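Participant: Hey, dropping final.txt in here, compact mmCIF, C-alpha atoms:
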```
# COMPACT_ATOMS: atom_id res chain seq x y z
CA MET A 243 -45.13 -4.70 13.20
CA ILE A 244 -42.67 -2.27 14.83
CA PRO A 245 -44.51 0.90 15.89
CA TYR A 246 -43.05 4.22 14.71
CA THR A 247 -41.55 6.03 17.69
CA THR A 248 -39.92 9.44 17.84
CA GLU A 249 -38.63 9.30 21.42
CA PRO A 250 -35.01 8.26 22.11
CA ARG A 251 -34.78 4.71 23.44
CA ALA A 252 -33.65 4.26 27.05
CA ASP A 253 -30.85 1.84 26.12
CA THR A 254 -29.40 3.37 22.95
CA ARG A 255 -30.28 6.97 23.93
CA VAL A 256 -31.01 7.75 20.29
CA THR A 257 -34.18 7.46 18.23
CA ASN A 258 -34.71 4.44 16.01
CA VAL A 259 -34.42 6.69 12.94
CA THR A 260 -31.00 7.97 14.06
CA LEU A 261 -29.76 4.46 14.82
CA GLY A 262 -31.09 3.24 11.47
CA ILE A 263 -29.39 5.98 9.44
CA TRP A 264 -26.07 5.38 11.24
CA LEU A 265 -26.26 1.66 10.44
CA PHE A 266 -27.08 2.49 6.82
CA LEU A 267 -24.14 4.91 6.66
CA ALA A 268 -21.83 2.25 8.11
CA SER A 269 -22.78 -0.06 5.23
CA GLU A 270 -22.23 2.81 2.78
CA VAL A 271 -18.77 3.45 4.23
CA MET A 272 -17.90 -0.18 3.50
CA LEU A 273 -19.25 0.10 -0.05
CA PHE A 274 -17.19 3.18 -0.87
CA GLY A 275 -14.29 1.82 1.19
CA ALA A 276 -14.04 -1.19 -1.11
CA LEU A 277 -13.96 1.12 -4.13
CA PHE A 278 -11.32 3.41 -2.61
CA SER A 279 -9.30 0.31 -1.81
CA SER A 280 -9.55 -0.71 -5.49
CA TYR A 281 -8.44 2.79 -6.42
CA ALA A 282 -5.36 2.44 -4.18
CA LEU A 283 -4.53 -0.93 -5.75
CA LEU A 284 -4.87 0.31 -9.33
CA ARG A 285 -3.11 3.62 -8.75
CA VAL A 286 -0.10 2.23 -6.89
CA ALA A 287 0.26 -0.69 -9.30
CA ALA A 288 -0.13 1.40 -12.47
CA PRO A 289 3.09 2.13 -14.37
CA SER A 290 1.83 5.68 -15.00
CA TRP A 291 -1.10 7.68 -13.67
CA PRO A 292 -2.36 10.93 -15.16
CA VAL A 293 -2.58 14.18 -13.20
CA GLY A 294 -6.32 14.60 -12.67
CA ARG A 295 -6.50 18.36 -13.19
CA GLU A 296 -4.84 17.97 -16.60
CA VAL A 297 -7.49 15.46 -17.75
CA LEU A 298 -10.64 16.59 -15.96
CA SER A 299 -12.17 20.05 -15.62
CA LEU A 300 -10.95 21.46 -12.30
CA PRO A 301 -13.28 24.52 -12.43
CA LEU A 302 -16.35 22.30 -12.88
CA GLY A 303 -15.20 19.97 -10.12
CA ALA A 304 -14.56 22.92 -7.79
CA ALA A 305 -17.96 24.45 -8.66
CA ASN A 306 -19.66 21.14 -7.85
CA THR A 307 -17.80 21.01 -4.53
CA VAL A 308 -19.17 24.43 -3.57
CA VAL A 309 -22.68 23.45 -4.70
CA LEU A 310 -22.55 20.24 -2.67
CA LEU A 311 -21.32 22.03 0.45
CA LEU A 312 -24.13 24.60 0.11
CA MET A 313 -26.64 21.79 -0.41
CA THR A 314 -25.53 20.07 2.80
CA ALA A 315 -25.58 23.38 4.66
CA ALA A 316 -29.22 23.82 3.55
CA ALA A 317 -30.07 20.27 4.71
CA TRP A 318 -28.43 20.98 8.11
CA ARG A 319 -30.28 24.28 8.36
CA ALA A 320 -33.52 22.31 7.84
CA ARG A 321 -32.69 20.30 10.98
CA ARG A 322 -32.97 23.45 13.08
CA ALA A 323 -36.14 24.74 11.42
CA VAL A 324 -39.67 23.58 12.24
CA ALA A 325 -42.33 22.23 9.87
CA GLN A 326 -42.74 24.62 6.91
CA GLY A 327 -39.34 26.21 7.53
CA ALA A 328 -37.76 22.78 7.21
CA VAL A 329 -39.66 22.18 3.96
CA LYS A 330 -38.25 25.42 2.50
CA TRP A 331 -34.69 24.44 3.38
CA LEU A 332 -35.26 20.94 2.00
CA ALA A 333 -36.51 22.53 -1.23
CA ALA A 334 -33.35 24.69 -1.38
CA SER A 335 -31.23 21.59 -0.78
CA SER A 336 -33.11 19.74 -3.56
CA VAL A 337 -32.58 22.58 -6.05
CA LEU A 338 -28.84 22.55 -5.27
CA ALA A 339 -28.80 18.75 -5.71
CA LEU A 340 -30.30 19.27 -9.18
CA VAL A 341 -27.64 21.91 -9.95
CA PHE A 342 -24.94 19.44 -8.88
CA LEU A 343 -26.39 16.74 -11.14
CA GLY A 344 -26.68 19.24 -14.01
CA ILE A 345 -23.03 20.27 -13.73
CA LYS A 346 -21.96 16.62 -13.43
CA GLY A 347 -24.04 15.70 -16.47
CA PHE A 348 -22.49 18.54 -18.48
CA GLU A 349 -19.03 17.45 -17.35
CA TYR A 350 -19.69 13.85 -18.43
CA TRP A 351 -21.06 15.04 -21.79
CA GLU A 352 -18.02 17.23 -22.37
CA GLU A 353 -15.59 14.44 -21.37
CA ILE A 354 -17.27 11.78 -23.49
CA GLY A 355 -17.18 14.24 -26.42
CA ARG A 356 -13.38 14.40 -26.01
CA GLY A 357 -13.14 10.58 -26.07
CA LEU A 358 -12.59 10.35 -22.31
CA VAL A 359 -14.69 7.22 -21.80
CA PRO A 360 -14.25 4.50 -19.14
CA ARG A 361 -12.51 2.08 -21.51
CA ALA A 362 -9.86 4.70 -22.40
CA SER A 363 -7.85 4.22 -19.20
CA THR A 364 -7.92 2.77 -15.68
CA PHE A 365 -8.00 6.33 -14.30
CA LEU A 366 -11.16 7.13 -16.27
CA ALA A 367 -12.75 3.77 -15.41
CA MET A 368 -12.28 4.51 -11.69
CA TYR A 369 -13.41 8.12 -12.19
CA PHE A 370 -16.67 7.16 -13.88
CA THR A 371 -17.34 4.34 -11.40
CA LEU A 372 -16.82 6.46 -8.29
CA THR A 373 -18.41 9.69 -9.52
CA GLY A 374 -21.29 7.69 -11.09
CA LEU A 375 -22.00 5.87 -7.84
CA HIS A 376 -21.76 9.17 -5.98
CA ALA A 377 -24.22 10.76 -8.43
CA VAL A 378 -26.62 7.86 -7.79
CA HIS A 379 -26.40 8.73 -4.09
CA VAL A 380 -27.22 12.36 -4.87
CA VAL A 381 -30.29 11.19 -6.85
CA GLY A 382 -31.29 8.98 -3.89
CA GLY A 383 -30.87 11.90 -1.47
CA LEU A 384 -32.91 14.13 -3.76
CA ALA A 385 -35.74 11.56 -3.76
CA ALA A 386 -35.51 11.33 0.06
CA ASN A 387 -35.63 15.14 0.31
CA LEU A 388 -38.82 15.23 -1.74
CA TRP A 389 -40.30 12.36 0.29
CA ALA A 390 -39.55 14.16 3.58
CA ALA A 391 -40.92 17.47 2.26
CA ALA A 392 -44.12 15.80 1.01
CA GLY A 393 -44.55 13.93 4.30
CA ALA A 394 -44.16 17.11 6.35
CA ARG A 395 -47.71 18.16 5.43
CA LYS A 396 -49.22 14.96 6.83
CA LEU A 397 -46.91 13.96 9.69
CA SER A 398 -46.22 15.35 13.14
CA ASP A 399 -43.34 17.79 13.66
CA ALA A 400 -41.42 15.14 15.62
CA MET A 401 -41.60 12.64 12.74
CA THR A 402 -40.60 15.27 10.19
CA HIS A 403 -37.73 16.33 12.42
CA GLY A 404 -36.53 12.70 12.62
CA ARG A 405 -36.51 12.40 8.84
CA VAL A 406 -34.80 15.76 8.32
CA ARG A 407 -32.18 14.88 10.92
CA ALA A 408 -31.44 11.59 9.15
CA LEU A 409 -31.23 13.44 5.82
CA GLY A 410 -28.71 15.89 7.26
CA LEU A 411 -26.46 13.02 8.28
CA TYR A 412 -26.86 11.37 4.87
CA TRP A 413 -25.94 14.56 3.00
CA ALA A 414 -22.91 15.07 5.23
CA PHE A 415 -21.77 11.57 4.28
CA VAL A 416 -22.33 12.29 0.57
CA ASP A 417 -20.25 15.47 1.05
CA VAL A 418 -17.35 13.63 2.67
CA VAL A 419 -17.29 11.04 -0.13
CA TRP A 420 -17.28 13.80 -2.73
CA LEU A 421 -14.42 15.62 -1.00
CA VAL A 422 -12.33 12.44 -1.10
CA ILE A 423 -13.22 11.92 -4.77
CA PHE A 424 -12.38 15.56 -5.54
CA VAL A 425 -8.96 15.31 -3.91
CA LEU A 426 -8.13 11.93 -5.50
CA PHE A 427 -9.29 12.71 -9.04
CA TYR A 428 -9.13 16.47 -9.52
CA LEU A 429 -6.30 17.67 -7.32
CA THR A 430 -3.68 14.92 -7.45
CA MET B 184 -13.18 -44.76 13.57
CA THR B 185 -14.08 -41.10 13.26
CA ARG B 186 -11.07 -40.16 15.38
CA LEU B 187 -8.80 -42.31 13.18
CA ARG B 188 -10.15 -40.66 10.01
CA PHE B 189 -9.60 -37.22 11.54
CA LEU B 190 -5.98 -38.10 12.39
CA ALA B 191 -5.38 -39.52 8.87
CA ARG B 192 -6.67 -36.32 7.29
CA GLY B 193 -4.51 -34.22 9.57
CA ALA B 194 -1.44 -36.32 8.69
CA ALA B 195 -2.19 -35.95 4.95
CA VAL B 196 -2.47 -32.16 5.25
CA ALA B 197 0.78 -32.03 7.27
CA ALA B 198 2.56 -34.19 4.65
CA ILE B 199 1.44 -31.88 1.82
CA TRP B 200 2.45 -28.82 3.88
CA VAL B 201 5.94 -30.15 4.55
CA GLY B 202 6.59 -31.82 1.20
CA ALA B 203 5.23 -29.22 -1.23
CA GLU B 204 7.56 -27.01 -3.22
CA ALA B 205 7.94 -23.42 -2.01
CA ALA B 206 6.49 -22.17 -5.30
CA VAL B 207 3.18 -23.90 -4.49
CA TRP B 208 2.80 -21.62 -1.49
CA ALA B 209 3.84 -18.48 -3.33
CA CYS B 210 1.42 -15.59 -3.11
CA PRO B 211 -0.81 -15.74 -6.23
CA VAL B 212 -0.48 -11.98 -6.60
CA CYS B 213 3.26 -11.38 -6.34
CA PHE B 214 4.73 -14.90 -6.93
CA GLN B 215 7.47 -14.09 -4.44
CA ILE B 216 8.55 -10.92 -6.28
CA GLU B 217 7.76 -8.71 -3.32
CA ASP B 218 8.86 -5.39 -4.79
CA SER B 219 6.66 -5.59 -7.89
CA PRO B 220 4.14 -2.78 -8.53
CA ILE B 221 1.24 -5.23 -8.12
CA SER B 222 2.52 -6.21 -4.66
CA SER B 223 2.80 -2.55 -3.68
CA GLY B 224 -0.70 -1.92 -5.02
CA VAL B 225 -2.20 -4.83 -3.11
CA ARG B 226 -0.41 -3.69 0.05
CA ALA B 227 -1.82 -0.16 -0.34
CA ALA B 228 -5.33 -1.51 -1.05
CA VAL B 229 -5.23 -3.78 1.98
CA LEU B 230 -4.04 -0.93 4.20
CA VAL B 231 -6.83 1.36 2.96
CA LEU B 232 -9.46 -1.31 3.54
CA ILE B 233 -8.08 -2.20 6.97
CA GLY B 234 -8.14 1.50 7.91
CA ILE B 235 -11.74 1.95 6.80
CA THR B 236 -12.94 -1.33 8.34
CA SER B 237 -11.16 -0.50 11.61
CA GLY B 238 -12.86 2.90 11.68
CA VAL B 239 -16.29 1.30 11.29
CA LEU B 240 -15.51 -1.37 13.91
CA VAL B 241 -14.26 1.26 16.37
CA ALA B 242 -17.49 3.22 15.82
CA PHE B 243 -19.56 0.08 16.53
CA GLY B 244 -17.42 -0.67 19.59
CA ARG B 245 -17.85 2.85 20.89
CA PHE B 246 -21.61 2.60 20.45
CA ALA B 247 -21.69 -0.73 22.34
CA TRP B 248 -19.54 0.77 25.11
CA ARG B 249 -21.89 3.76 25.33
CA MET B 250 -24.89 1.45 25.62
CA ALA B 251 -23.18 -0.60 28.32
CA ARG B 252 -22.39 2.57 30.26
CA ALA B 253 -25.96 3.80 29.89
CA GLU B 254 -27.26 0.44 31.15
CA ALA B 255 -24.87 0.49 34.13
CA SER B 256 -25.91 4.00 35.13
CA SER B 257 -29.69 3.49 34.73
CA PRO B 258 -31.83 2.24 37.66
CA LYS B 259 -32.31 -1.56 37.61
CA THR B 260 -36.09 -1.31 37.96
CA GLN B 261 -36.50 0.74 34.82
CA ALA B 262 -37.70 -1.50 31.98
CA SER B 263 -36.76 -0.46 28.47
CA SER B 264 -39.26 -0.21 25.66
CA PRO B 265 -39.59 -3.45 23.60
CA VAL B 266 -39.09 -1.52 20.36
```
Output the file's structure in the form of structure tokens.
Facilitator:
Amino acid sequence: MIPYTTEPRADTRVTNVTLGIWLFLASEVMLFGALFSSYALLRVAAPSWPVGREVLSLPLGAANTVVLLLMTAAAWRARRAVAQGAVKWLAASSVLALVFLGIKGFEYWEEIGRGLVPRASTFLAMYFTLTGLHAVHVVGGLAANLWAAAGARKLSDAMTHGRVRALGLYWAFVDVVWLVIFVLFYLT
Amino acid sequence: MTRLRFLARGAAVAAIWVGAEAAVWACPVCFQIEDSPISSGVRAAVLVLIGITSGVLVAFGRFAWRMARAEASSPKTQASSPV
């Protein structure tokens, strides 16, 4: 069994948690990269492509962008706080993640009500695939936030700090993916 | 015997390569119509994927380079942790 260490390794100069989250994020980049590549294929090859802001709700998309940026800011603030302070910032980040999911859910409900379903067009199929997968990542991050906050009561400060640090990187990645999605689907 | 079989297979592949019609080797996506929208789409998709993959590979390369530099600068007697 590999013992849990919080000290940076002599060879990698980072902790195992940091190395692990970077490897995980590299695999995530490839996952979303394949989907963005599919988007490029379908968009360039399509005889016509709708203007996103005329089909989707730009105000809701913009609101979600702000919420997501605030959520990541809270997660990064948690990295600099200690123990209970970190838990408070993680809680704030989790509440904002729920707000993001609520807005996204309302947006989906409103779009499906207007007949904008994945089978209606290639644009909508890509939109639901990418935003759906992104929403799954927000749910995963929310679960990880709660796990880190719950563990903070039982674990050492160093272990909690490692988890919170990894979460900050994860949320930054989720932010970057959303910004690309926002530009591709809502602004162009 | 094995060498002879290897050469025979190589000759068969070369014969097919030389004798086959050009259409057989046409790209299954564009069928030699290089300015079609599908061809442009595939080109864009490949470029996006190459860009993203290159970024990840460069990051891995940079990490390996950083480790090599750290190893070179650390004292030889210092043993690293097994985990």
Participant: Return the padded bounding box of region 392-407 of chain A as AutoDock Vina command-line options: axis-aligned, built from all atoms listed in the file, 5 Å added on each side, with centre and edge lengths in Å to one decimal.
Facilitator:
```
--center_x -40.7 --center_y 15.3 --center_z 8.3 --size_x 27.0 --size_y 15.8 --size_z 24.6
```
Participant: So how many Å separate CA of Phe427 (chain A) and CA of Leu273 (chain A), to one decimal?
Facilitator: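 CA of Leu273 (chain A) lies at a distance of 18.4 Å from CA of Phe427 (chain A).
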Participant: Show me, as an MDAnalysis selection string, every residue of chain B with an atom at most 10 Å from chain A, counting all atoms listed in the file.
Facilitator: chainID B and resid 219:236 238:240 242:243 246:247 249:254 257 261:266
Participant: Taking 5 positions as the minimum chain separation for residues in the same chain, which residues sit within 9 Å of Ala400 (chain A) when counting only C-alpha atoms? Answer as a PyMOL selection string.
Facilitator: chain A and resi 248-249+405
Participant: Between A:Gly410, A:Gly327, A:Gly355, A:Gly404, which is the closest to Val256 (chain A) once you count all atoms listed in the file?
Facilitator: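 Checking each of A:Gly410, A:Gly327, A:Gly355, A:Gly404 against Val256 (chain A), counting all atoms listed in the file, the winner is A:Gly404.
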Participant: Within 12 Å of Ala323 (chain A), counting all atoms listed in the file, which residues qualify if same-chain residues fewer than 3 places away don't, as an MDAnalysis selection string?
Facilitator: chainID A and resid 316:320 326:332 399:400 402:403 406:407
Participant: What is the CA of Leu429 (chain A) to CA of Val381 (chain A) distance in Å?
Facilitator: 24.9 Å
Participant: Do you know which residues are at most 10 Å from Pro292 (chain A) counting all atoms listed in the file, after dropping those on the same chain fewer than 2 positions away, and could you put them as a PDB file with C-alpha atoms, keeping the file's coordinate frame?
Facilitator:
```
ATOM      1  CA  ARG A 285      -3.110   3.620  -8.750  1.00  0.00           C
ATOM      2  CA  SER A 290       1.830   5.680 -15.000  1.00  0.00           C
ATOM      3  CA  GLY A 294      -6.320  14.600 -12.670  1.00  0.00           C
ATOM      4  CA  ARG A 295      -6.500  18.360 -13.190  1.00  0.00           C
ATOM      5  CA  GLU A 296      -4.840  17.970 -16.600  1.00  0.00           C
ATOM      6  CA  VAL A 297      -7.490  15.460 -17.750  1.00  0.00           C
ATOM      7  CA  SER A 363      -7.850   4.220 -19.200  1.00  0.00           C
ATOM      8  CA  THR A 364      -7.920   2.770 -15.680  1.00  0.00           C
ATOM      9  CA  PHE A 365      -8.000   6.330 -14.300  1.00  0.00           C
ATOM     10  CA  LEU A 366     -11.160   7.130 -16.270  1.00  0.00           C
ATOM     11  CA  PHE A 427      -9.290  12.710  -9.040  1.00  0.00           C
ATOM     12  CA  THR A 430      -3.680  14.920  -7.450  1.00  0.00           C
TER      13      THR A 430
END
```
Participant: Could you work out how far CA of Thr257 (chain A) lies from CA of Pro258 (chain B), giving the answer in Å with one decimal?
Facilitator: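 CA of Thr257 (chain A) lies at a distance of 20.3 Å from CA of Pro258 (chain B).
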Participant: Which residue gives the smallest distance to Arg321 (chain A) among A:Leu358, A:Met368, A:Leu409, A:Ile345, with all atoms listed in the file counted?
Facilitator: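 The answer is A:Leu409, which sits nearest to Arg321 (chain A).
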